[in-house]
file data00.cif (mmCIF, C-alpha atoms)
data_model
loop_
_atom_site.label_atom_id
_atom_site.label_comp_id
_atom_site.auth_asym_id
_atom_site.auth_seq_id
_atom_site.Cartn_x
_atom_site.Cartn_y
_atom_site.Cartn_z
CA MET A 20 65.83 208.46 167.08
CA LEU A 21 68.20 210.34 164.83
CA TYR A 22 70.09 213.09 166.65
CA ILE A 23 71.64 215.83 164.54
CA GLN A 24 72.70 219.20 165.90
CA LEU A 25 72.13 221.73 163.14
CA SER A 26 73.05 225.38 163.33
CA PRO A 27 70.55 227.81 164.84
CA LEU A 28 70.35 229.51 161.43
CA VAL A 29 69.06 226.31 159.82
CA GLN A 30 66.61 225.75 162.67
CA TYR A 31 65.37 229.34 162.40
CA GLY A 32 65.00 228.97 158.62
CA VAL A 33 62.92 225.83 159.05
CA ASP A 34 60.81 227.47 161.75
CA LEU A 35 60.23 230.39 159.38
CA THR A 36 59.29 228.34 156.30
CA LEU A 37 57.47 225.42 157.97
CA PRO A 38 54.12 227.23 158.36
CA PHE A 39 54.17 228.09 154.64
CA ILE A 40 54.97 224.50 153.65
CA LEU A 41 52.10 223.20 155.80
CA LEU A 42 49.71 225.93 154.63
CA PHE A 43 50.48 225.12 150.99
CA GLY A 44 49.93 221.41 151.70
CA PHE A 45 46.52 222.17 153.22
CA TYR A 46 45.71 224.44 150.27
CA ILE A 47 46.55 221.69 147.77
CA ILE A 48 44.31 219.25 149.68
CA LEU A 49 41.35 221.63 149.97
CA PHE A 50 41.45 222.89 146.38
CA GLY A 51 42.51 219.62 144.75
CA HIS A 52 39.10 219.07 143.16
CA ILE A 53 39.22 222.37 141.22
CA SER A 54 42.96 222.65 140.51
CA PRO A 55 45.90 220.27 140.07
CA GLY A 56 46.70 218.48 143.30
CA GLY A 57 44.55 216.69 145.80
CA GLY A 58 44.84 214.49 148.83
CA PHE A 59 47.92 212.52 147.87
CA THR A 60 49.96 215.51 146.76
CA GLY A 61 48.94 217.67 149.71
CA GLY A 62 49.48 214.80 152.15
CA ALA A 63 52.98 214.29 150.78
CA MET A 64 53.66 218.00 151.31
CA LEU A 65 52.42 217.81 154.90
CA ALA A 66 54.60 214.76 155.53
CA THR A 67 57.58 216.58 154.02
CA GLY A 68 57.04 219.45 156.44
CA ALA A 69 56.85 217.01 159.34
CA ILE A 70 60.01 215.22 158.21
CA ILE A 71 61.94 218.48 157.81
CA ALA A 72 60.83 219.63 161.27
CA THR A 73 61.79 216.28 162.80
CA ILE A 74 65.24 216.25 161.24
CA THR A 75 65.96 219.89 162.09
CA HIS A 76 64.84 219.70 165.71
CA SER A 77 65.82 216.11 166.50
CA VAL A 78 67.98 217.14 169.46
CA THR A 79 65.41 219.42 171.09
CA ASN A 80 62.36 217.31 170.13
CA LYS A 81 60.51 220.60 169.66
CA TYR A 82 57.84 219.06 167.39
CA TYR A 83 57.74 215.53 168.80
CA ASN A 84 54.41 215.93 170.63
CA ILE A 85 52.77 217.17 167.44
CA LEU A 86 54.38 214.53 165.22
CA SER A 87 54.44 211.53 167.54
CA PRO A 88 53.98 208.09 165.96
CA GLN A 89 50.93 207.46 168.17
CA GLY A 90 49.26 210.64 166.91
CA ASN A 91 50.12 209.78 163.31
CA LYS A 92 48.60 206.31 163.73
CA LYS A 93 45.38 207.84 165.03
CA LEU A 94 45.31 210.37 162.18
CA GLU A 95 45.92 207.63 159.61
CA VAL A 96 43.08 205.51 160.99
CA LEU A 97 40.81 208.57 161.06
CA GLY A 98 41.61 209.28 157.40
CA LEU A 99 40.91 205.67 156.43
CA GLY A 100 37.68 205.59 158.43
CA THR A 101 36.49 208.85 156.91
CA PHE A 102 37.25 207.63 153.38
CA LEU A 103 35.45 204.32 153.95
CA GLY A 104 32.55 206.05 155.70
CA ILE A 105 32.00 208.40 152.77
CA GLY A 106 32.26 205.45 150.41
CA LEU A 107 29.67 203.47 152.34
CA ILE A 108 27.17 206.34 152.26
CA GLY A 109 26.56 205.46 148.61
CA VAL A 110 25.91 201.83 149.53
CA ALA A 111 23.58 202.92 152.35
CA VAL A 112 21.36 204.88 149.94
CA ASN A 113 21.05 201.92 147.55
CA SER A 114 23.65 203.21 145.13
CA PHE A 115 27.27 202.13 144.83
CA PHE A 116 30.50 202.56 146.80
CA LEU A 117 31.87 206.13 146.53
CA ALA A 118 28.75 207.31 144.72
CA ASN A 119 28.79 211.05 144.33
CA ALA A 120 25.76 212.64 142.69
CA ALA A 121 23.99 209.26 142.64
CA SER A 122 23.98 209.27 146.44
CA GLY A 123 21.95 212.48 146.51
CA VAL A 124 24.70 214.89 147.55
CA SER A 125 24.67 218.32 145.93
CA LEU A 126 27.52 218.93 143.53
CA GLY A 127 27.47 222.69 144.19
CA THR A 128 28.58 225.39 141.79
CA PRO A 129 31.44 224.28 139.53
CA GLY A 130 34.74 226.02 140.24
CA THR A 131 34.00 226.87 143.87
CA LEU A 132 35.37 225.33 147.06
CA LEU A 133 31.99 223.76 147.88
CA SER A 134 31.69 221.95 144.57
CA GLY A 135 32.37 218.35 143.70
CA GLY A 136 30.05 216.63 146.15
CA TRP A 137 32.03 214.14 148.23
CA ILE A 138 35.30 214.73 146.34
CA PRO A 139 36.66 217.51 148.63
CA LEU A 140 35.98 215.39 151.73
CA LEU A 141 37.61 212.39 150.10
CA SER A 142 40.61 214.57 149.32
CA VAL A 143 40.88 215.63 152.97
CA ALA A 144 40.61 212.02 154.13
CA SER A 145 43.21 210.96 151.58
CA GLY A 146 45.52 213.80 152.68
CA MET A 147 45.25 212.71 156.31
CA LYS A 148 45.99 209.10 155.41
CA VAL A 149 48.93 209.86 153.11
CA GLY A 150 50.50 212.53 155.34
CA ALA A 151 50.28 210.41 158.46
CA GLY A 152 51.34 207.26 156.62
CA LEU A 153 54.47 208.83 155.13
CA SER A 154 55.35 210.33 158.52
CA LEU A 155 54.96 206.88 160.09
CA ILE A 156 57.25 205.36 157.47
CA PHE A 157 59.86 208.01 158.27
CA SER A 158 59.47 207.35 162.02
CA ALA A 159 59.90 203.63 161.43
CA LEU A 160 63.06 204.27 159.43
CA LEU A 161 64.44 206.39 162.27
CA GLU A 162 63.68 203.67 164.81
CA GLU A 163 65.25 201.09 162.51
CA ASP A 164 68.47 203.10 162.59
CA HIS A 165 69.10 202.19 166.24
#
call {"tool": "encode", "arguments": {"input": "data00.cif", "output": "structure tokens"}}
result
Amino acid sequence: MLYIQLSPLVQYGVDLTLPFILLFGFYIILFGHISPGGGFTGGAMLATGAIIATITHSVTNKYYNILSPQGNKKLEVLGLGTFLGIGLIGVAVNSFFLANAASGVSLGTPGTLLSGGWIPLLSVASGMKVGAGLSLIFSALLEEDH
């Protein structure tokens, strides 16, 4: 594990901005089907927040329980399973993999959060997979350092 002692001012600044970084990442994931963004972009933002928190608090391990590699592995598998599960729903209803309207799901009212059929759920699953995956890559690079 990388151990850097940063000034309390830097740690306070990260603690102050981290909730906004994570909130914006979640926003990009949830509204990715009606605005620019989506699961990959939002997941990368969430991973960036996790990486910043890990670097800033590496001595105190303040966020380690939240960002542990074991938890990230579980989250990545959950994202993959959710994505595949949604994709297989189309096959189960005699349509095709990742079928949206053809699988019978309502597409909702265009421009609203509950529009797009399966697309918002796929974006959430993709965000989980990308965010956890990038955090795992960072964790592996830290472990590789020693």
call {"tool": "residues_around", "arguments": {"input": "data00.cif", "residues": "A:Lys92", "least_positions_apart": "4", "cutoff": "8 Å", "atoms": "only C-alpha atoms", "output": "list in words"}}
result
Pro88, Val96, Ala151, Gly152 and Leu155 of chain A
call {"tool": "resolve_selection", "arguments": {"input": "data00.cif", "expression": "the PyMOL selection byres ((chain A and resi 141) around 10)", "output": "JSON, numbers by chain"}}
result
{"A": [48, 49, 52, 57, 58, 98, 99, 101, 102, 103, 104, 105, 106, 117, 136, 137, 138, 139, 140, 142, 143, 144, 145, 146, 147]}
call {"tool": "atom_distance", "arguments": {"input": "data00.cif", "atom1": "atom CA of A:Gly56", "atom2": "atom CA of A:Ile108"}}
result
24.7 Å
call {"tool": "closest_atom_pairs", "arguments": {"input": "data00.cif", "of": "stretch 40-103 of chain A", "to": "stretch 121-130 of chain A", "cutoff": "12 Å", "atoms": "only C-alpha atoms", "output": "JSON lines"}}
result
{"residue": "A:Phe50", "atom": "CA", "partner": "A:Gly130", "partner_atom": "CA", "distance": 9.6}
{"residue": "A:Gly51", "atom": "CA", "partner": "A:Gly130", "partner_atom": "CA", "distance": 11.0}
{"residue": "A:His52", "atom": "CA", "partner": "A:Gly130", "partner_atom": "CA", "distance": 8.7}
{"residue": "A:Ile53", "atom": "CA", "partner": "A:Gly130", "partner_atom": "CA", "distance": 5.9}
{"residue": "A:Ser54", "atom": "CA", "partner": "A:Gly130", "partner_atom": "CA", "distance": 8.9}
call {"tool": "write_last_selection", "arguments": {"input": "data00.cif", "atoms": "C-alpha atoms", "output": "PDB file, in the frame of the given file"}}
result
ATOM      1  CA  PHE A  50      41.450 222.890 146.380  1.00  0.00           C
ATOM      2  CA  GLY A  51      42.510 219.620 144.750  1.00  0.00           C
ATOM      3  CA  HIS A  52      39.100 219.070 143.160  1.00  0.00           C
ATOM      4  CA  ILE A  53      39.220 222.370 141.220  1.00  0.00           C
ATOM      5  CA  SER A  54      42.960 222.650 140.510  1.00  0.00           C
TER       6      SER A  54
END
call {"tool": "residues_around", "arguments": {"input": "data00.cif", "residues": "A:Thr75", "least_positions_apart": "4", "cutoff": "9 Å", "atoms": "only C-alpha atoms", "output": "number ranges by chain"}}
result
A: 23-25, 29-30, 33, 70-71
call {"tool": "closest_residue", "arguments": {"input": "data00.cif", "among": "A:His76, A:Gly135, A:Leu153, A:Gln89", "to": "A:Pro27", "atoms": "all atoms listed in the file"}}
result
A:His76
call {"tool": "resolve_selection", "arguments": {"input": "data00.cif", "expression": "the PyMOL selection byres ((chain A and resi 63) around 10)", "output": "VMD selection string"}}
result
chain A and resid 44 58 to 62 64 to 69 146 to 154
call {"tool": "decode", "arguments": {"input": "data00.cif", "residues": "stretch 111-147 of chain A", "atoms": "N, CA and C atoms", "output": "JSON list (two decimals), in the first residue's frame"}}
result
[["chain", "number", "residue", "atom", "x", "y", "z"],
["A", 111, "ALA", "N", -35.02, -14.55, -23.04],
["A", 111, "ALA", "CA", -36.04, -15.32, -22.34],
["A", 111, "ALA", "C", -37.45, -15.08, -22.90],
["A", 112, "VAL", "N", -37.68, -13.90, -23.47],
["A", 112, "VAL", "CA", -39.01, -13.61, -24.02],
["A", 112, "VAL", "C", -39.03, -13.79, -25.54],
["A", 113, "ASN", "N", -38.16, -14.67, -26.03],
["A", 113, "ASN", "CA", -38.08, -15.01, -27.45],
["A", 113, "ASN", "C", -37.76, -13.82, -28.35],
["A", 114, "SER", "N", -36.89, -12.96, -27.85],
["A", 114, "SER", "CA", -36.43, -11.83, -28.65],
["A", 114, "SER", "C", -34.92, -11.99, -28.82],
["A", 115, "PHE", "N", -34.16, -10.96, -28.63],
["A", 115, "PHE", "CA", -32.72, -11.06, -28.79],
["A", 115, "PHE", "C", -32.02, -10.46, -27.58],
["A", 116, "PHE", "N", -30.72, -10.72, -27.45],
["A", 116, "PHE", "CA", -29.93, -10.25, -26.32],
["A", 116, "PHE", "C", -29.96, -8.72, -26.27],
["A", 117, "LEU", "N", -30.20, -8.17, -25.09],
["A", 117, "LEU", "CA", -30.30, -6.73, -24.85],
["A", 117, "LEU", "C", -31.46, -6.09, -25.60],
["A", 118, "ALA", "N", -32.51, -6.85, -25.83],
["A", 118, "ALA", "CA", -33.70, -6.29, -26.47],
["A", 118, "ALA", "C", -34.31, -5.27, -25.53],
["A", 119, "ASN", "N", -34.75, -4.16, -26.08],
["A", 119, "ASN", "CA", -35.34, -3.13, -25.25],
["A", 119, "ASN", "C", -36.85, -3.15, -25.41],
["A", 120, "ALA", "N", -37.38, -2.41, -26.34],
["A", 120, "ALA", "CA", -38.84, -2.40, -26.54],
["A", 120, "ALA", "C", -39.34, -3.75, -27.03],
["A", 121, "ALA", "N", -38.51, -4.48, -27.76],
["A", 121, "ALA", "CA", -38.92, -5.79, -28.28],
["A", 121, "ALA", "C", -39.12, -6.81, -27.17],
["A", 122, "SER", "N", -38.57, -6.54, -26.00],
["A", 122, "SER", "CA", -38.76, -7.48, -24.89],
["A", 122, "SER", "C", -40.02, -7.17, -24.09],
["A", 123, "GLY", "N", -40.73, -6.13, -24.48],
["A", 123, "GLY", "CA", -42.00, -5.81, -23.82],
["A", 123, "GLY", "C", -41.89, -4.78, -22.71],
["A", 124, "VAL", "N", -40.72, -4.24, -22.47],
["A", 124, "VAL", "CA", -40.56, -3.23, -21.43],
["A", 124, "VAL", "C", -41.06, -1.88, -21.94],
["A", 125, "SER", "N", -41.68, -1.11, -21.06],
["A", 125, "SER", "CA", -42.18, 0.21, -21.44],
["A", 125, "SER", "C", -41.01, 1.17, -21.60],
["A", 126, "LEU", "N", -41.06, 1.97, -22.64],
["A", 126, "LEU", "CA", -40.00, 2.95, -22.87],
["A", 126, "LEU", "C", -40.24, 4.25, -22.13],
["A", 127, "GLY", "N", -41.39, 4.42, -21.50],
["A", 127, "GLY", "CA", -41.68, 5.61, -20.71],
["A", 127, "GLY", "C", -41.85, 6.85, -21.55],
["A", 128, "THR", "N", -41.85, 7.99, -20.88],
["A", 128, "THR", "CA", -42.00, 9.28, -21.54],
["A", 128, "THR", "C", -40.62, 9.81, -21.90],
["A", 129, "PRO", "N", -40.37, 10.11, -23.16],
["A", 129, "PRO", "CA", -39.04, 10.60, -23.57],
["A", 129, "PRO", "C", -38.63, 11.85, -22.78],
["A", 130, "GLY", "N", -37.37, 11.88, -22.38],
["A", 130, "GLY", "CA", -36.82, 13.03, -21.67],
["A", 130, "GLY", "C", -36.95, 12.95, -20.16],
["A", 131, "THR", "N", -37.57, 11.90, -19.64],
["A", 131, "THR", "CA", -37.71, 11.77, -18.19],
["A", 131, "THR", "C", -36.76, 10.69, -17.68],
["A", 132, "LEU", "N", -36.56, 10.66, -16.37],
["A", 132, "LEU", "CA", -35.65, 9.69, -15.76],
["A", 132, "LEU", "C", -36.11, 8.26, -16.01],
["A", 133, "LEU", "N", -37.41, 8.03, -16.03],
["A", 133, "LEU", "CA", -37.94, 6.68, -16.23],
["A", 133, "LEU", "C", -38.26, 6.42, -17.70],
["A", 134, "SER", "N", -37.40, 6.89, -18.57],
["A", 134, "SER", "CA", -37.56, 6.61, -20.00],
["A", 134, "SER", "C", -36.39, 5.75, -20.45],
["A", 135, "GLY", "N", -36.51, 5.19, -21.61],
["A", 135, "GLY", "CA", -35.40, 4.42, -22.17],
["A", 135, "GLY", "C", -35.46, 2.94, -21.94],
["A", 136, "GLY", "N", -36.49, 2.44, -21.30],
["A", 136, "GLY", "CA", -36.60, 1.00, -21.08],
["A", 136, "GLY", "C", -35.50, 0.47, -20.19],
["A", 137, "TRP", "N", -34.70, -0.46, -20.72],
["A", 137, "TRP", "CA", -33.63, -1.08, -19.95],
["A", 137, "TRP", "C", -32.36, -0.22, -19.90],
["A", 138, "ILE", "N", -32.28, 0.80, -20.73],
["A", 138, "ILE", "CA", -31.05, 1.58, -20.86],
["A", 138, "ILE", "C", -30.58, 2.19, -19.53],
["A", 139, "PRO", "N", -31.45, 2.80, -18.70],
["A", 139, "PRO", "CA", -30.96, 3.33, -17.42],
["A", 139, "PRO", "C", -30.39, 2.24, -16.50],
["A", 140, "LEU", "N", -31.02, 1.07, -16.49],
["A", 140, "LEU", "CA", -30.49, -0.02, -15.65],
["A", 140, "LEU", "C", -29.17, -0.54, -16.19],
["A", 141, "LEU", "N", -29.04, -0.59, -17.51],
["A", 141, "LEU", "CA", -27.77, -0.99, -18.10],
["A", 141, "LEU", "C", -26.68, 0.02, -17.79],
["A", 142, "SER", "N", -27.05, 1.28, -17.74],
["A", 142, "SER", "CA", -26.09, 2.33, -17.40],
["A", 142, "SER", "C", -25.63, 2.19, -15.96],
["A", 143, "VAL", "N", -26.53, 1.88, -15.05],
["A", 143, "VAL", "CA", -26.15, 1.65, -13.65],
["A", 143, "VAL", "C", -25.24, 0.44, -13.53],
["A", 144, "ALA", "N", -25.59, -0.64, -14.21],
["A", 144, "ALA", "CA", -24.75, -1.84, -14.17],
["A", 144, "ALA", "C", -23.36, -1.56, -14.75],
["A", 145, "SER", "N", -23.33, -0.82, -15.85],
["A", 145, "SER", "CA", -22.05, -0.47, -16.47],
["A", 145, "SER", "C", -21.24, 0.44, -15.54],
["A", 146, "GLY", "N", -21.89, 1.37, -14.88],
["A", 146, "GLY", "CA", -21.20, 2.25, -13.92],
["A", 146, "GLY", "C", -20.59, 1.48, -12.77],
["A", 147, "MET", "N", -21.34, 0.49, -12.26],
["A", 147, "MET", "CA", -20.79, -0.35, -11.18],
["A", 147, "MET", "C", -19.56, -1.10, -11.66]]
